[in-house]
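Below is the file start_30.cif, which contains mmCIF, C-alpha atoms.
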data_start
loop_
_atom_site.group_PDB
_atom_site.id
_atom_site.type_symbol
_atom_site.label_atom_id
_atom_site.label_comp_id
_atom_site.auth_asym_id
_atom_site.auth_seq_id
_atom_site.Cartn_x
_atom_site.Cartn_y
_atom_site.Cartn_z
ATOM 1 C CA MET A 125 0.000 0.000 0.000
ATOM 2 C CA SER A 126 1.310 3.423 -0.911
ATOM 3 C CA LYS A 127 2.096 5.913 1.827
ATOM 4 C CA LYS A 128 1.814 8.927 -0.500
ATOM 5 C CA PRO A 129 -0.993 11.433 0.079
ATOM 6 C CA PRO A 130 -4.028 10.743 -2.136
ATOM 7 C CA LEU A 131 -3.491 13.831 -4.309
ATOM 8 C CA GLN A 132 -0.022 12.703 -5.337
ATOM 9 C CA ASN A 133 -1.368 9.345 -6.431
ATOM 10 C CA LEU A 134 -3.477 11.025 -9.094
ATOM 11 C CA GLY A 135 -0.476 11.677 -11.319
ATOM 12 C CA PHE A 136 -0.636 15.439 -11.577
ATOM 13 C CA LYS A 137 0.477 18.385 -9.532
ATOM 14 C CA TRP A 138 -2.567 19.636 -7.721
ATOM 15 C CA TRP A 139 -1.020 22.897 -6.541
ATOM 16 C CA GLU A 140 -0.156 23.956 -10.096
ATOM 17 C CA HIS A 141 -3.794 23.618 -11.079
ATOM 18 C CA VAL A 142 -4.940 25.619 -8.083
ATOM 19 C CA THR A 143 -2.511 28.453 -8.805
ATOM 20 C CA GLU A 144 -3.529 28.421 -12.464
ATOM 21 C CA LEU A 145 -7.168 28.646 -11.418
ATOM 22 C CA PHE A 146 -6.594 31.727 -9.276
ATOM 23 C CA THR A 147 -4.232 33.462 -11.722
ATOM 24 C CA GLN A 148 -5.945 32.732 -15.049
ATOM 25 C CA TYR A 149 -9.585 33.139 -14.014
ATOM 26 C CA PRO A 150 -11.394 35.744 -11.865
ATOM 27 C CA ILE A 151 -12.670 33.110 -9.437
ATOM 28 C CA LEU A 152 -12.679 35.474 -6.451
ATOM 29 C CA LYS A 153 -14.962 37.813 -8.375
ATOM 30 C CA TRP A 154 -17.243 34.879 -9.138
ATOM 31 C CA TYR A 155 -17.397 33.990 -5.441
ATOM 32 C CA TRP A 156 -18.133 37.614 -4.545
ATOM 33 C CA ASN A 157 -20.960 37.799 -7.117
ATOM 34 C CA THR A 158 -22.458 34.604 -5.720
ATOM 35 C CA PHE A 159 -22.250 35.898 -2.162
ATOM 36 C CA ALA A 160 -23.683 39.312 -3.060
ATOM 37 C CA SER A 161 -26.610 37.946 -5.068
ATOM 38 C CA THR A 162 -27.433 35.422 -2.350
ATOM 39 C CA ALA A 163 -27.310 38.100 0.357
ATOM 40 C CA ILE A 164 -29.569 40.442 -1.632
ATOM 41 C CA VAL A 165 -32.136 37.696 -2.269
ATOM 42 C CA VAL A 166 -32.149 36.480 1.351
ATOM 43 C CA ILE A 167 -32.457 39.970 2.851
ATOM 44 C CA GLY A 168 -35.095 40.928 0.303
ATOM 45 C CA ASN A 169 -37.059 37.763 0.996
ATOM 46 C CA LEU A 170 -36.928 38.470 4.713
ATOM 47 C CA LEU A 171 -38.190 42.048 4.381
ATOM 48 C CA PHE A 172 -40.720 42.281 1.546
ATOM 49 C CA PRO A 173 -42.818 39.134 2.086
ATOM 50 C CA THR A 174 -43.081 39.921 5.779
ATOM 51 C CA MET A 175 -44.491 43.357 5.050
ATOM 52 C CA ALA A 176 -46.811 42.058 2.319
ATOM 53 C CA GLY A 177 -48.034 39.201 4.505
ATOM 54 C CA TYR A 178 -48.781 41.563 7.373
ATOM 55 C CA ALA A 179 -50.629 43.981 5.095
ATOM 56 C CA LEU A 180 -52.751 41.227 3.566
ATOM 57 C CA ALA A 181 -53.502 39.553 6.891
ATOM 58 C CA LYS A 182 -54.158 42.495 9.209
ATOM 59 C CA LEU A 183 -55.009 45.612 7.209
ATOM 60 C CA ARG A 184 -58.221 46.393 5.349
ATOM 61 C CA PHE A 185 -57.884 48.204 2.033
ATOM 62 C CA PRO A 186 -59.651 48.195 -1.344
ATOM 63 C CA GLY A 187 -58.317 45.565 -3.732
ATOM 64 C CA LYS A 188 -57.028 43.308 -0.964
ATOM 65 C CA LYS A 189 -58.897 40.253 -2.235
ATOM 66 C CA LEU A 190 -57.803 40.935 -5.821
ATOM 67 C CA ILE A 191 -54.142 41.145 -4.790
ATOM 68 C CA PHE A 192 -54.463 37.974 -2.730
ATOM 69 C CA THR A 193 -56.142 36.183 -5.660
ATOM 70 C CA CYS A 194 -53.362 37.296 -8.000
ATOM 71 C CA MET A 195 -50.760 36.002 -5.560
ATOM 72 C CA LEU A 196 -52.524 32.647 -5.266
ATOM 73 C CA THR A 197 -52.828 32.426 -9.048
ATOM 74 C CA SER A 198 -49.138 33.171 -9.477
ATOM 75 C CA MET A 199 -48.403 30.257 -7.123
ATOM 76 C CA MET A 200 -50.020 27.915 -9.619
ATOM 77 C CA VAL A 201 -47.675 28.934 -12.434
ATOM 78 C CA SER A 202 -44.350 27.149 -12.421
ATOM 79 C CA PHE A 203 -41.245 29.327 -12.170
ATOM 80 C CA GLN A 204 -39.707 27.559 -15.172
ATOM 81 C CA LEU A 205 -42.594 28.709 -17.361
ATOM 82 C CA THR A 206 -41.916 32.363 -16.607
ATOM 83 C CA LEU A 207 -38.128 32.152 -16.741
ATOM 84 C CA ILE A 208 -37.750 32.897 -20.463
ATOM 85 C CA GLN A 209 -40.207 35.796 -20.315
ATOM 86 C CA MET A 210 -38.343 37.303 -17.346
ATOM 87 C CA TYR A 211 -35.074 36.994 -19.261
ATOM 88 C CA ILE A 212 -36.577 38.805 -22.263
ATOM 89 C CA GLN A 213 -37.940 41.593 -20.064
ATOM 90 C CA LEU A 214 -34.650 42.075 -18.237
ATOM 91 C CA ALA A 215 -32.737 42.055 -21.536
ATOM 92 C CA LYS A 216 -35.032 44.773 -22.896
ATOM 93 C CA LEU A 217 -34.279 46.839 -19.778
ATOM 94 C CA ASN A 218 -30.527 46.424 -20.467
ATOM 95 C CA LEU A 219 -30.194 45.000 -16.991
ATOM 96 C CA HIS A 220 -27.012 42.941 -17.362
ATOM 97 C CA THR A 221 -25.879 43.265 -13.770
ATOM 98 C CA ILE A 222 -26.340 41.454 -10.490
ATOM 99 C CA TRP A 223 -29.906 42.812 -10.366
ATOM 100 C CA ALA A 224 -30.843 40.660 -13.350
ATOM 101 C CA ILE A 225 -30.054 37.639 -11.197
ATOM 102 C CA THR A 226 -31.676 38.842 -7.994
ATOM 103 C CA LEU A 227 -34.886 40.610 -9.094
ATOM 104 C CA PRO A 228 -36.737 37.499 -10.338
ATOM 105 C CA PHE A 229 -36.115 35.733 -7.036
ATOM 106 C CA LEU A 230 -37.261 38.587 -4.817
ATOM 107 C CA SER A 231 -40.887 37.762 -5.573
ATOM 108 C CA GLN A 232 -40.597 34.031 -4.951
ATOM 109 C CA THR A 233 -41.732 33.933 -1.320
ATOM 110 C CA MET A 234 -44.058 36.933 -1.415
ATOM 111 C CA PHE A 235 -47.170 34.758 -1.321
ATOM 112 C CA LEU A 236 -46.017 32.323 1.346
ATOM 113 C CA LEU A 237 -46.579 34.674 4.277
ATOM 114 C CA SER A 238 -49.956 36.002 3.243
#

Please go through the file and, once you have read it, give me the structure as structure tokens.
Amino acid sequence: MSKKPPLQNLGFKWWEHVTELFTQYPILKWYWNTFASTAIVVIGNLLFPTMAGYALAKLRFPGKKLIFTCMLTSMMVSFQLTLIQMYIQLAKLNLHTIWAITLPFLSQTMFLLS
């Protein structure tokens, strides 16, 4: 049985690939974009659905039943069906930033708290 570490048994130099990854590609920027978009979606989904759920549950205002019906109807439509249409709308708005990733997901849990 070999006493070499498992990475040396693979036949390549692992550290060279890691250094190439961090020097040739902007992987740290990719990690930052992932973190930032996740943080925006989580914070947004903690704030907005809570306020909408409270307004629909406790307050009385005209159009409340219509808004609630629209939210329930939107629950019945699969997210995958609306994905292409959202992409087209965001492309028409020239929104090629982190907001194009986060905006569609900010409305995902809006109906769960109502």

Skip Thr221 (chain A) itself and residues of its chain fewer than 5 positions away, then list as a list in words all residues within 10 Å of it, counting only C-alpha atoms.
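What passes the distance filter is Asn157, Leu214 and Thr226 of chain A.
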
Step by step, gather every atom of region 181-186 of chain A that the file lists, find the box along x, y and z that holds them, add 3 Å on each side, and finally give centre and edge lengths in Å to one decimal, as AutoDock Vina command-line options.
--center_x -56.6 --center_y 43.9 --center_z 3.9 --size_x 12.1 --size_y 14.7 --size_z 16.6

Using CA of Pro173 (chain A) and CA of Thr197 (chain A) as the two end points, give the distance in Å to one decimal.
16.4 Å

Run the PyMOL selection byres ((chain A and resi 227-231) around 10) mentally over the shown coordinates, then write out the matched residues as a short mmCIF file (atom, residue, chain, number, x, y, z; two decimals) with C-alpha atoms, in the coordinates of the input, using the chain letters and numbers from the document.
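Produced file out07.cif, reproduced below:
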data_model
loop_
_atom_site.label_atom_id
_atom_site.label_comp_id
_atom_site.auth_asym_id
_atom_site.auth_seq_id
_atom_site.Cartn_x
_atom_site.Cartn_y
_atom_site.Cartn_z
CA SER A 161 -26.61 37.95 -5.07
CA THR A 162 -27.43 35.42 -2.35
CA ILE A 164 -29.57 40.44 -1.63
CA VAL A 165 -32.14 37.70 -2.27
CA VAL A 166 -32.15 36.48 1.35
CA ILE A 167 -32.46 39.97 2.85
CA GLY A 168 -35.10 40.93 0.30
CA ASN A 169 -37.06 37.76 1.00
CA LEU A 170 -36.93 38.47 4.71
CA LEU A 171 -38.19 42.05 4.38
CA PHE A 172 -40.72 42.28 1.55
CA PRO A 173 -42.82 39.13 2.09
CA PHE A 203 -41.24 29.33 -12.17
CA THR A 206 -41.92 32.36 -16.61
CA LEU A 207 -38.13 32.15 -16.74
CA MET A 210 -38.34 37.30 -17.35
CA TYR A 211 -35.07 36.99 -19.26
CA LEU A 214 -34.65 42.08 -18.24
CA ILE A 222 -26.34 41.45 -10.49
CA TRP A 223 -29.91 42.81 -10.37
CA ALA A 224 -30.84 40.66 -13.35
CA ILE A 225 -30.05 37.64 -11.20
CA THR A 226 -31.68 38.84 -7.99
CA GLN A 232 -40.60 34.03 -4.95
CA THR A 233 -41.73 33.93 -1.32
CA MET A 234 -44.06 36.93 -1.42
CA PHE A 235 -47.17 34.76 -1.32
#

Quick one, how far is CA of Leu180 (chain A) from CA of Phe192 (chain A)?
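Calculated distance between CA of Leu180 (chain A) and CA of Phe192 (chain A) is 7.3 Å.
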
Give me, please, the distance in Å between CA of Lys189 (chain A) and CA of Gly177 (chain A), quoted to one decimal.
12.8 Å
